[in-house]
file upload.txt (compact mmCIF, C-alpha atoms)
# COMPACT_ATOMS: atom_id res chain seq x y z
CA MET A 1 111.85 126.38 97.77
CA SER A 2 108.70 125.32 99.58
CA THR A 3 108.13 123.49 102.82
CA LEU A 4 106.56 120.05 102.58
CA GLY A 5 104.41 118.99 105.49
CA ILE A 6 104.27 115.21 105.87
CA ILE A 7 101.69 113.42 107.98
CA GLY A 8 102.93 109.88 108.37
CA ALA A 9 106.55 108.89 109.01
CA GLY A 10 106.43 105.41 107.51
CA ASN A 11 108.06 104.19 104.31
CA ILE A 12 106.24 106.52 101.91
CA GLY A 13 106.51 109.59 104.13
CA THR A 14 110.21 109.21 104.85
CA ASN A 15 111.16 108.41 101.25
CA VAL A 16 109.19 111.36 99.87
CA ALA A 17 110.98 113.43 102.51
CA LYS A 18 114.38 112.23 101.24
CA ALA A 19 113.47 113.12 97.67
CA ALA A 20 112.07 116.51 98.67
CA ILE A 21 115.17 117.42 100.67
CA ALA A 22 117.42 116.32 97.79
CA ALA A 23 115.44 118.72 95.58
CA GLY A 24 115.99 121.62 97.98
CA HIS A 25 112.75 121.61 99.94
CA ASP A 26 112.40 121.73 103.72
CA VAL A 27 110.34 119.04 105.46
CA VAL A 28 108.19 119.09 108.58
CA ILE A 29 107.14 115.54 109.43
CA ALA A 30 104.69 114.14 111.95
CA ASN A 31 103.41 110.79 113.14
CA SER A 32 100.64 109.67 115.48
CA ARG A 33 103.01 109.19 118.45
CA GLY A 34 104.42 112.71 118.67
CA PRO A 35 107.58 114.55 117.58
CA GLU A 36 109.59 113.21 120.51
CA THR A 37 109.52 109.77 118.79
CA LEU A 38 110.97 111.06 115.51
CA GLY A 39 114.59 111.57 116.57
CA ASP A 40 115.99 108.77 114.43
CA VAL A 41 113.89 109.82 111.43
CA ILE A 42 115.10 113.42 111.63
CA ALA A 43 118.70 112.31 112.13
CA GLY A 44 118.42 110.19 108.99
CA LEU A 45 116.96 113.05 106.99
CA GLY A 46 119.29 115.72 108.31
CA GLU A 47 118.39 118.36 110.85
CA ALA A 48 119.32 121.21 108.50
CA HIS A 49 116.22 120.63 106.38
CA ALA A 50 113.88 118.44 108.46
CA ARG A 51 112.15 118.71 111.79
CA GLY A 52 109.57 116.70 113.67
CA ALA A 53 106.24 118.19 114.65
CA THR A 54 102.74 117.38 115.76
CA ILE A 55 100.24 116.51 113.06
CA ALA A 56 98.55 119.89 113.38
CA ASP A 57 101.89 121.71 113.19
CA ALA A 58 103.03 119.75 110.12
CA ALA A 59 99.71 120.51 108.44
CA ALA A 60 100.06 124.21 109.23
CA ALA A 61 103.73 124.44 108.24
CA GLY A 62 103.47 122.82 104.84
CA ASP A 63 102.99 124.82 101.67
CA ILE A 64 102.05 121.41 100.32
CA VAL A 65 101.06 118.53 102.62
CA LEU A 66 101.51 114.81 102.02
CA VAL A 67 99.15 112.41 103.77
CA ALA A 68 100.72 108.96 104.10
CA ILE A 69 98.85 107.31 106.96
CA PRO A 70 96.63 104.23 107.12
CA LEU A 71 93.28 104.87 105.48
CA SER A 72 91.48 104.01 108.70
CA ALA A 73 93.06 107.09 110.33
CA ILE A 74 92.16 109.80 107.82
CA GLU A 75 89.18 111.04 109.81
CA THR A 76 91.55 112.01 112.62
CA LEU A 77 93.26 114.57 110.40
CA PRO A 78 92.71 118.18 111.46
CA GLN A 79 90.72 120.18 108.93
CA GLU A 80 91.44 123.81 109.82
CA PRO A 81 95.22 123.90 109.15
CA LEU A 82 94.66 122.24 105.76
CA VAL A 83 92.04 124.69 104.48
CA GLY A 84 92.96 125.92 101.00
CA LYS A 85 96.05 123.73 100.76
CA VAL A 86 97.12 121.15 98.22
CA VAL A 87 97.01 117.80 100.01
CA LEU A 88 98.80 114.92 98.31
CA ASP A 89 97.16 111.58 99.09
CA ALA A 90 99.42 108.51 98.88
CA ASN A 91 96.90 106.05 100.26
CA ASN A 92 95.79 102.64 99.10
CA TYR A 93 93.07 100.44 100.55
CA TYR A 94 94.23 97.37 102.46
CA PRO A 95 91.20 95.78 104.16
CA GLY A 96 93.40 93.62 106.36
CA ARG A 97 94.95 96.79 107.78
CA ASP A 98 92.14 99.31 107.40
CA GLY A 99 89.05 97.17 108.05
CA ARG A 100 86.26 96.83 105.53
CA ILE A 101 85.00 100.13 104.11
CA ALA A 102 81.66 99.72 102.35
CA ALA A 103 82.09 102.71 100.03
CA LEU A 104 85.29 101.16 98.66
CA ASP A 105 84.09 97.54 98.63
CA THR A 106 81.16 98.58 96.45
CA ASN A 107 83.27 100.95 94.30
CA MET A 108 81.05 103.87 95.28
CA SER A 109 84.09 105.96 96.18
CA THR A 110 87.88 106.00 96.00
CA THR A 111 90.39 106.39 98.80
CA SER A 112 91.11 109.95 97.69
CA GLY A 113 87.40 110.65 97.42
CA LEU A 114 87.05 109.72 101.08
CA LEU A 115 89.91 112.04 102.02
CA GLN A 116 88.40 114.88 99.98
CA LYS A 117 85.09 114.33 101.76
CA HIS A 118 86.85 114.65 105.12
CA LEU A 119 88.77 117.76 103.93
CA PRO A 120 86.12 119.63 101.93
CA GLU A 121 88.05 122.92 101.90
CA SER A 122 91.37 121.38 100.81
CA HIS A 123 92.52 120.41 97.32
CA VAL A 124 93.23 116.69 97.43
CA ILE A 125 95.53 115.30 94.73
CA LYS A 126 96.18 111.58 94.44
CA ALA A 127 99.96 111.07 94.14
CA PHE A 128 102.78 108.68 95.12
CA ASN A 129 100.42 105.73 95.65
CA HIS A 130 101.63 103.53 92.77
CA ILE A 131 105.39 103.66 93.33
CA ASN A 132 107.33 101.52 95.77
CA ALA A 133 108.54 103.69 98.63
CA LYS A 134 112.24 102.88 98.20
CA ASP A 135 112.06 103.89 94.54
CA ILE A 136 110.95 107.47 95.24
CA PRO A 137 114.39 108.96 95.93
CA ARG A 138 116.20 106.40 93.76
CA ASP A 139 114.33 106.70 90.45
CA ALA A 140 114.36 110.51 90.18
CA THR A 141 115.91 111.90 86.99
CA PRO A 142 116.22 115.39 85.45
CA ALA A 143 113.50 116.81 83.25
CA GLY A 144 113.95 115.78 79.64
CA THR A 145 115.45 112.37 80.41
CA PRO A 146 114.02 110.11 77.65
CA THR A 147 113.12 107.29 80.05
CA ARG A 148 112.06 109.56 82.91
CA ARG A 149 109.63 107.81 85.24
CA ALA A 150 106.11 109.21 85.38
CA LEU A 151 103.66 109.33 88.26
CA ALA A 152 99.92 109.78 87.95
CA ILE A 153 97.98 112.57 89.59
CA PHE A 154 94.22 112.83 89.99
CA GLY A 155 92.22 115.72 91.41
CA GLN A 156 89.32 118.11 91.07
CA ASP A 157 91.18 121.43 90.91
CA GLY A 158 93.30 122.49 87.93
CA GLN A 159 95.49 124.91 89.85
CA ALA A 160 96.19 122.29 92.53
CA LYS A 161 97.22 119.89 89.78
CA GLU A 162 99.67 122.49 88.48
CA VAL A 163 101.20 122.76 91.95
CA ALA A 164 101.48 118.98 92.24
CA THR A 165 102.97 118.72 88.74
CA ALA A 166 105.66 121.29 89.55
CA PHE A 167 106.46 119.55 92.82
CA LEU A 168 106.82 116.14 91.16
CA ASP A 169 109.01 117.69 88.49
CA ASP A 170 111.24 119.15 91.21
CA LEU A 171 111.54 115.67 92.73
CA GLY A 172 112.49 114.12 89.40
CA TYR A 173 109.26 112.80 87.89
CA ASP A 174 106.89 113.59 85.06
CA ALA A 175 103.34 114.05 86.35
CA VAL A 176 100.54 112.62 84.24
CA ASP A 177 97.08 114.09 84.83
CA LEU A 178 94.62 111.20 84.52
CA GLY A 179 91.45 112.94 85.60
CA THR A 180 89.39 113.48 88.71
CA LEU A 181 89.50 111.67 92.02
CA ASP A 182 86.70 109.43 90.75
CA GLU A 183 89.20 108.00 88.27
CA SER A 184 92.01 107.41 90.78
CA TRP A 185 91.23 103.68 91.02
CA ARG A 186 93.13 103.27 87.75
CA LEU A 187 96.49 103.18 89.57
CA GLU A 188 95.51 101.66 92.90
CA ARG A 189 96.48 98.31 94.43
CA ASP A 190 96.12 95.25 92.16
CA THR A 191 95.89 97.27 88.93
CA PRO A 192 98.37 96.54 86.08
CA GLY A 193 100.28 99.79 86.60
CA TYR A 194 100.68 99.48 90.36
CA GLY A 195 104.37 99.62 91.27
CA LYS A 196 105.49 99.42 87.65
CA PRO A 197 108.07 101.96 86.39
CA MET A 198 106.64 103.70 83.31
CA THR A 199 107.25 106.71 81.14
CA ALA A 200 104.45 109.24 80.68
CA ALA A 201 103.30 107.60 77.43
CA GLU A 202 103.36 104.12 78.96
CA LEU A 203 101.45 105.33 82.00
CA ARG A 204 98.70 106.91 79.91
CA GLU A 205 98.35 103.75 77.84
CA ILE A 206 98.16 101.30 80.73
CA ALA A 207 95.76 103.50 82.73
CA ALA A 208 93.41 103.84 79.75
CA ASP A 209 93.22 100.05 79.40
CA THR A 210 92.73 99.32 83.11
CA GLU A 211 89.45 97.88 84.34
CA ARG A 212 88.25 98.55 87.85
CA VAL A 213 89.09 95.78 90.28
CA GLN A 214 86.84 94.43 93.00
CA GLN A 215 88.34 95.15 96.39
CA LEU A 216 89.25 91.93 98.20
call {"tool": "encode", "arguments": {"input": "upload.txt", "output": "structure tokens"}}
result
Amino acid sequence: MSTLGIIGAGNIGTNVAKAAIAAGHDVVIANSRGPETLGDVIAGLGEAHARGATIADAAAAGDIVLVAIPLSAIETLPQEPLVGKVVLDANNYYPGRDGRIAALDTNMSTTSGLLQKHLPESHVIKAFNHINAKDIPRDATPAGTPTRRALAIFGQDGQAKEVATAFLDDLGYDAVDLGTLDESWRLERDTPGYGKPMTAAELREIAADTERVQQL
């Protein structure tokens, strides 16, 4: 099994970590305050399959890397250890938290587009941004389950999408490829599918009918 690097030890990061460990993956997790502050997180995840690290070390250690930090902090991410890697972006835009970002307010970009711009030599895949954090380990089901929950992915690179699809399948979800990063607004905050459990068919249908919202 692979090692998942996680940058961000909040609700999304820790719940993806739980699901990944349950599926047999190892986890290296980091936050902005340093590995010495992650003792309780690692104890909760289990030291056999999780360890705390610096952001640079988590980025380097991961075969796949999840970014689950506030959008305002993405430009602090190190580029070199993420070169060539699949980077899963779980971000959403919250102006009250992140400050106003003109490229998003005017719909000239998406959150994942901004991350891809900062990491030009990485393969950014939008994932995990439209599911409530607590549901990630709880809603996982085996492949073939008729009501299996689906999660959208968006990205520019076909091979990276295959990697993300296999990883989501390991964790217990059907991945639905809904296009490039330019289309990733279809499952962002305030859209009809945001936070809603859906099968693959339901997810495709609701995303196709979604209109782009104005960021408020």
call {"tool": "closest_atom_pairs", "arguments": {"input": "upload.txt", "of": "stretch 21-98 of chain A", "to": "stretch 167-187 of chain A", "cutoff": "9 Å", "atoms": "only C-alpha atoms", "output": "Markdown table"}}
result
| residue | atom | partner | partner_atom | distance |
| --- | --- | --- | --- | --- |
| A:Ile21 | CA | A:Leu171 | CA | 8.9 |
| A:Ala22 | CA | A:Leu171 | CA | 7.8 |
| A:Ala23 | CA | A:Leu171 | CA | 5.7 |
| A:Gly24 | CA | A:Asp170 | CA | 8.6 |
| A:Ile64 | CA | A:Phe167 | CA | 8.9 |
call {"tool": "closest_residue", "arguments": {"input": "upload.txt", "among": "A:Lys117, A:Ala152, A:Val67, A:Gly10", "to": "A:Val41", "atoms": "only C-alpha atoms"}}
result
A:Gly10
call {"tool": "closest_residue", "arguments": {"input": "upload.txt", "among": "A:Thr165, A:Asn91, A:Asp40, A:Leu66", "to": "A:Ile7", "atoms": "only C-alpha atoms"}}
result
A:Leu66
call {"tool": "residues_around", "arguments": {"input": "upload.txt", "residues": "A:Gly195", "least_positions_apart": "2", "cutoff": "8 Å", "atoms": "all atoms listed in the file", "output": "JSON, numbers by chain"}}
result
{"A": [130, 131, 132, 193, 197]}
call {"tool": "atom_distance", "arguments": {"input": "upload.txt", "atom1": "atom CA of A:Gly155", "atom2": "atom CA of A:His118"}}
result
14.8 Å
call {"tool": "closest_residue", "arguments": {"input": "upload.txt", "among": "A:Leu114, A:Ala150, A:Ile55, A:Ala164", "to": "A:Leu203", "atoms": "only C-alpha atoms"}}
result
A:Ala150
call {"tool": "residues_around", "arguments": {"input": "upload.txt", "residues": "A:His123", "least_positions_apart": "4", "cutoff": "8 Å", "atoms": "all atoms listed in the file", "output": "ChimeraX atom specification"}}
result
/A:84-87,116,155-157,160
call {"tool": "closest_residue", "arguments": {"input": "upload.txt", "among": "A:Ser112, A:Thr14, A:Thr37, A:Ser122", "to": "A:Gln79", "atoms": "only C-alpha atoms"}}
result
A:Ser122
call {"tool": "decode", "arguments": {"input": "upload.txt", "residues": "stretch 187-200 of chain A", "atoms": "all heavy atoms", "output": "CSV table (one decimal), in the first residue's frame"}}
result
chain,number,residue,atom,x,y,z
A,187,LEU,N,-18.9,21.5,-7.8
A,187,LEU,CA,-19.1,20.8,-6.5
A,187,LEU,C,-18.5,21.6,-5.3
A,187,LEU,O,-18.1,21.0,-4.3
A,187,LEU,CB,-18.6,19.4,-6.5
A,187,LEU,CG,-19.5,18.3,-7.0
A,187,LEU,CD1,-20.7,18.2,-6.1
A,187,LEU,CD2,-19.9,18.4,-8.4
A,188,GLU,N,-18.4,22.9,-5.5
A,188,GLU,CA,-17.9,23.7,-4.4
A,188,GLU,C,-19.0,24.3,-3.5
A,188,GLU,O,-20.2,24.0,-3.7
A,188,GLU,CB,-17.0,24.9,-5.0
A,188,GLU,CG,-15.7,24.4,-5.6
A,188,GLU,CD,-14.8,25.5,-6.0
A,188,GLU,OE1,-15.2,26.6,-6.2
A,188,GLU,OE2,-13.6,25.2,-6.1
A,189,ARG,N,-18.6,25.0,-2.5
A,189,ARG,CA,-19.5,25.6,-1.5
A,189,ARG,C,-20.7,26.3,-2.1
A,189,ARG,O,-20.5,27.0,-3.1
A,189,ARG,CB,-18.7,26.6,-0.6
A,189,ARG,CG,-19.5,27.2,0.5
A,189,ARG,CD,-18.6,28.2,1.3
A,189,ARG,NE,-18.0,29.2,0.4
A,189,ARG,CZ,-18.6,30.4,0.1
A,189,ARG,NH1,-19.8,30.7,0.6
A,189,ARG,NH2,-17.9,31.3,-0.6
A,190,ASP,N,-21.9,26.0,-1.6
A,190,ASP,CA,-23.1,26.6,-2.0
A,190,ASP,C,-23.7,26.1,-3.3
A,190,ASP,O,-24.7,26.6,-3.8
A,190,ASP,CB,-23.0,28.1,-2.1
A,190,ASP,CG,-22.8,28.8,-0.8
A,190,ASP,OD1,-23.2,28.2,0.3
A,190,ASP,OD2,-22.2,29.9,-0.7
A,191,THR,N,-23.1,25.0,-3.8
A,191,THR,CA,-23.7,24.3,-5.0
A,191,THR,C,-24.7,23.2,-4.5
A,191,THR,O,-24.6,22.8,-3.4
A,191,THR,CB,-22.7,23.7,-5.9
A,191,THR,OG1,-21.9,22.8,-5.2
A,191,THR,CG2,-21.7,24.8,-6.5
A,192,PRO,N,-25.6,22.8,-5.3
A,192,PRO,CA,-26.6,21.8,-4.9
A,192,PRO,C,-26.0,20.5,-4.4
A,192,PRO,O,-26.6,19.8,-3.5
A,192,PRO,CB,-27.5,21.6,-6.1
A,192,PRO,CG,-27.4,22.9,-6.9
A,192,PRO,CD,-26.0,23.3,-6.7
A,193,GLY,N,-24.9,20.1,-4.9
A,193,GLY,CA,-24.3,18.8,-4.5
A,193,GLY,C,-23.4,18.9,-3.4
A,193,GLY,O,-22.9,17.8,-2.9
A,194,TYR,N,-23.1,20.1,-2.8
A,194,TYR,CA,-22.2,20.2,-1.8
A,194,TYR,C,-22.6,19.6,-0.5
A,194,TYR,O,-23.7,19.9,0.1
A,194,TYR,CB,-21.9,21.7,-1.5
A,194,TYR,CG,-20.9,22.0,-0.5
A,194,TYR,CD1,-19.5,21.8,-0.8
A,194,TYR,CD2,-21.2,22.6,0.7
A,194,TYR,CE1,-18.5,22.1,0.1
A,194,TYR,CE2,-20.2,22.9,1.7
A,194,TYR,CZ,-18.9,22.6,1.4
A,194,TYR,OH,-17.9,22.9,2.3
A,195,GLY,N,-21.9,18.6,0.0
A,195,GLY,CA,-22.2,17.9,1.2
A,195,GLY,C,-23.3,16.8,1.1
A,195,GLY,O,-23.6,16.1,2.1
A,196,LYS,N,-23.8,16.6,-0.1
A,196,LYS,CA,-25.0,15.7,-0.3
A,196,LYS,C,-24.5,14.3,-0.7
A,196,LYS,O,-23.7,14.2,-1.6
A,196,LYS,CB,-25.9,16.2,-1.4
A,196,LYS,CG,-27.1,15.4,-1.6
A,196,LYS,CD,-27.9,16.0,-2.7
A,196,LYS,CE,-29.2,15.2,-3.0
A,196,LYS,NZ,-30.0,15.8,-4.1
A,197,PRO,N,-24.8,13.3,0.1
A,197,PRO,CA,-24.5,11.9,-0.3
A,197,PRO,C,-25.1,11.5,-1.6
A,197,PRO,O,-26.4,11.7,-1.8
A,197,PRO,CB,-25.0,11.0,0.8
A,197,PRO,CG,-25.1,12.0,2.0
A,197,PRO,CD,-25.5,13.3,1.4
A,198,MET,N,-24.4,11.1,-2.6
A,198,MET,CA,-24.9,10.7,-3.9
A,198,MET,C,-24.2,9.5,-4.5
A,198,MET,O,-23.0,9.3,-4.2
A,198,MET,CB,-24.7,11.9,-4.9
A,198,MET,CG,-25.6,13.1,-4.6
A,198,MET,SD,-25.1,14.5,-5.7
A,198,MET,CE,-23.6,15.1,-4.9
A,199,THR,N,-24.9,8.7,-5.3
A,199,THR,CA,-24.3,7.7,-6.1
A,199,THR,C,-23.6,8.3,-7.3
A,199,THR,O,-23.7,9.5,-7.5
A,199,THR,CB,-25.3,6.7,-6.6
A,199,THR,OG1,-26.2,7.3,-7.5
A,199,THR,CG2,-26.1,6.1,-5.4
A,200,ALA,N,-22.8,7.5,-8.0
A,200,ALA,CA,-22.2,8.1,-9.2
A,200,ALA,C,-23.1,8.7,-10.2
A,200,ALA,O,-22.9,9.8,-10.7
A,200,ALA,CB,-21.3,7.0,-9.9
